[in-house]
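Next comes entry.cif, with mmCIF, C-alpha atoms.
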data_structure
#
loop_
_atom_site.label_atom_id
_atom_site.label_comp_id
_atom_site.auth_asym_id
_atom_site.auth_seq_id
_atom_site.Cartn_x
_atom_site.Cartn_y
_atom_site.Cartn_z
CA MET A 1 0.00 0.00 0.00
CA PRO A 2 1.50 3.41 -0.95
CA ARG A 3 2.44 5.69 1.90
CA ARG A 4 0.21 8.75 2.17
CA ARG A 5 1.78 12.15 2.49
CA LYS A 6 1.41 13.79 5.86
CA LYS A 7 -0.67 16.94 6.01
CA THR A 8 1.28 19.68 7.78
CA ASN A 9 0.00 23.11 8.73
CA GLY A 10 -3.16 22.52 6.72
CA ILE A 11 -1.19 22.02 3.51
CA HIS A 12 -0.28 18.68 2.02
CA ALA A 13 3.39 18.18 1.26
CA LEU A 14 3.85 18.22 -2.49
CA GLY A 15 5.67 15.79 -4.75
CA ASP A 16 8.18 16.76 -7.44
CA LEU A 17 5.66 17.03 -10.27
CA GLU A 18 3.22 18.98 -8.12
CA MET A 19 6.02 21.39 -7.16
CA ASP A 20 7.04 21.82 -10.80
CA ILE A 21 3.45 22.61 -11.76
CA MET A 22 3.04 25.01 -8.85
CA GLY A 23 6.27 26.78 -9.83
CA ILE A 24 4.78 27.41 -13.27
CA ALA A 25 1.43 28.46 -11.80
CA TRP A 26 3.14 30.93 -9.44
CA ASP A 27 5.14 32.39 -12.31
CA LEU A 28 2.11 32.72 -14.61
CA LYS A 29 -0.30 33.87 -11.84
CA GLU A 30 -3.18 32.19 -13.72
CA ALA A 31 -2.99 29.44 -16.29
CA THR A 32 -4.87 26.82 -18.22
CA VAL A 33 -3.68 23.22 -18.41
CA LYS A 34 -2.37 24.01 -21.90
CA ASP A 35 -0.31 26.94 -20.56
CA VAL A 36 1.32 24.73 -17.94
CA PHE A 37 1.74 21.84 -20.38
CA GLU A 38 3.59 24.03 -22.89
CA VAL A 39 6.10 25.22 -20.27
CA MET A 40 6.42 21.79 -18.66
CA TYR A 41 6.90 19.94 -21.94
CA GLU A 42 10.20 21.76 -22.50
CA ARG A 43 11.47 20.34 -19.18
CA ARG A 44 9.71 17.00 -18.92
CA ARG A 45 8.02 15.21 -21.77
CA LEU A 46 4.76 14.43 -19.97
CA ALA A 47 1.34 13.84 -21.45
CA TYR A 48 -1.20 16.66 -21.43
CA THR A 49 -3.58 14.42 -19.49
CA THR A 50 -0.96 13.89 -16.77
CA ILE A 51 -0.67 17.65 -16.26
CA MET A 52 -4.47 17.97 -16.28
CA THR A 53 -4.84 15.22 -13.65
CA VAL A 54 -2.23 16.73 -11.34
CA MET A 55 -3.70 20.24 -11.67
CA ASN A 56 -7.16 18.86 -10.89
CA ARG A 57 -5.76 17.13 -7.79
CA LEU A 58 -4.09 20.36 -6.69
CA ALA A 59 -7.50 22.05 -7.05
CA ILE A 60 -9.12 19.32 -4.94
CA LYS A 61 -6.41 19.90 -2.29
CA LYS A 62 -7.28 23.64 -2.41
CA ILE A 63 -3.76 24.54 -3.52
CA LEU A 64 -4.91 25.72 -6.95
CA GLY A 65 -8.16 27.53 -7.59
CA GLN A 66 -10.13 26.16 -10.52
CA ASP A 67 -12.47 28.51 -12.40
CA LYS A 68 -14.98 26.24 -14.13
CA SER A 69 -16.98 29.14 -15.55
CA THR A 70 -14.66 29.30 -18.55
CA VAL A 71 -13.54 26.73 -21.08
CA PRO A 72 -10.76 25.85 -20.73
CA TYR A 73 -10.68 26.04 -16.93
CA VAL A 74 -8.38 28.70 -15.49
CA TYR A 75 -6.25 27.80 -12.48
CA THR A 76 -4.80 30.26 -9.97
CA PRO A 77 -2.54 29.56 -6.99
CA LEU A 78 -4.39 29.66 -3.66
CA VAL A 79 -1.26 28.92 -1.63
CA GLN A 80 1.90 31.03 -1.71
CA ARG A 81 5.42 29.64 -2.17
CA ASP A 82 6.42 30.47 1.39
CA GLN A 83 3.43 28.54 2.76
CA ILE A 84 4.51 25.45 0.84
CA ALA A 85 8.14 25.97 1.91
CA HIS A 86 7.15 26.21 5.57
CA SER A 87 5.01 23.11 5.24
CA MET A 88 7.83 21.14 3.64
CA VAL A 89 10.41 22.27 6.21
CA ASP A 90 7.98 21.35 9.00
CA GLU A 91 7.64 17.91 7.46
CA VAL A 92 11.43 17.45 7.27
CA VAL A 93 11.81 18.55 10.89
CA GLU A 94 9.04 16.22 12.10
CA ARG A 95 9.58 13.16 9.93
CA VAL A 96 13.29 13.17 9.15
CA MET A 97 14.90 15.08 12.00
CA ASP A 98 12.61 13.62 14.68
CA GLY A 99 11.26 17.04 15.61
CA SER A 100 14.67 18.67 16.08
CA SER A 101 14.84 22.05 14.39
CA THR A 102 18.34 22.43 15.85
CA ALA A 103 19.52 19.56 13.65
CA VAL A 104 18.16 21.32 10.56
CA ILE A 105 19.76 24.65 11.45
CA SER A 106 23.07 22.91 12.23
CA TYR A 107 22.92 21.16 8.88
CA LEU A 108 22.32 24.42 7.03
CA MET A 109 25.15 26.13 8.88
CA ASP A 110 27.56 23.21 8.36
CA LYS A 111 26.70 23.13 4.68
CA GLY A 112 28.36 26.52 4.39
CA THR A 113 25.78 28.10 2.12
CA MET A 114 24.53 30.73 4.56
CA SER A 115 25.64 34.24 3.73
CA LYS A 116 26.81 36.75 6.33
CA ASP A 117 23.48 38.55 5.96
CA GLU A 118 21.57 35.31 6.60
CA LEU A 119 23.72 34.59 9.67
CA ALA A 120 23.05 38.11 10.98
CA GLU A 121 19.32 37.56 10.40
CA LEU A 122 19.51 34.26 12.29
CA LYS A 123 21.36 35.90 15.19
CA ALA A 124 18.71 38.63 15.34
CA LYS A 125 15.96 36.00 15.37
CA ILE A 126 17.71 34.12 18.21
CA SER A 127 18.09 37.37 20.16
CA GLU A 128 14.41 38.18 19.61
CA ILE A 129 13.37 34.73 20.89
CA GLU A 130 15.65 35.01 23.95
CA LYS A 131 14.09 38.36 24.88
CA GLY A 132 10.70 36.69 24.77
#
Translate the structure described by the file into structure tokens.
Amino acid sequence: MPRRRKKTNGIHALGDLEMDIMGIAWDLKEATVKDVFEVMYERRRLAYTTIMTVMNRLAIKKILGQDKSTVPYVYTPLVQRDQIAHSMVDEVVERVMDGSSTAVISYLMDKGTMSKDELAELKAKISEIEKG
């Protein structure tokens, strides 16, 4: 039996194809299946019906709005990128890092990709939390 994705913060975690489609939807602001298919086909040679099915599922999940008053249907993002990012990070912290956000922060710092500005922002956030 396939493992179901955990729902975090009211938003389902998204798979790779769903994220690719949402990236296009965010960029276009509103799109038909054909609009998304044309952009996606350059990256991944997927069938039009595959894109249509995934977009319909995203509408069912309330991640994409689906305007059925027009033909073809017009889809608009109902969830912002940062909401999805927070949901996915929450899922990593809970499922992979056993609830330890410290482990995630340590990983990001050890990776060496944080800029001086990001480190300063992190220090300010820590200071803010310590002050209560």
>> Could you list, as number ranges by chain, every residue within 10 Å of Asn56 (chain A), counting all atoms listed in the file and ignoring same-chain residues fewer than 5 positions away?
In response: A: 33, 50-51, 61-66, 75
>> One decimal, in Å: what's the spacing between CA of Ile24 (chain A) and CA of Val89 (chain A)?
In response: 20.9 Å
> How many Å separate CA of His86 (chain A) from CA of Arg44 (chain A)?
Replying inline: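 Answer for the CA of His86 (chain A) to CA of Arg44 (chain A) separation: 26.3 Å.
The space separating CA of Met55 (chain A) from CA of Leu28 (chain A) comes to 14.1 Å.
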> Hey, which of A:Gly112, A:Gly99, A:Gly132, A:Pro77 ends up closest to Gly23 (chain A)? Count only C-alpha atoms.
Replying inline: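 Closest candidate: A:Pro77.
For the residues A:Ala120, A:Ile129, A:Met52, A:Ala47, ranking by smallest atom-to-atom distance to Ile21 (chain A) using all atoms listed in the file places A:Met52 first.
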>> Just checking: using all atoms listed in the file, which residue out of A:Ser69, A:Thr49, A:Thr76, A:Ser101 ends up closest to Met22 (chain A)?
In response: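 Nearest candidate to Met22 (chain A) out of A:Ser69, A:Thr49, A:Thr76, A:Ser101: A:Thr76.
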> Which polymer residues, protein or nucleic acid, are no farther than 12 Å from (6.0, 26.6, 1.2), counting only C-alpha atoms, as a ChimeraX atom specification?
Replying inline: /A:8-14,19,22-23,26,63,78-91
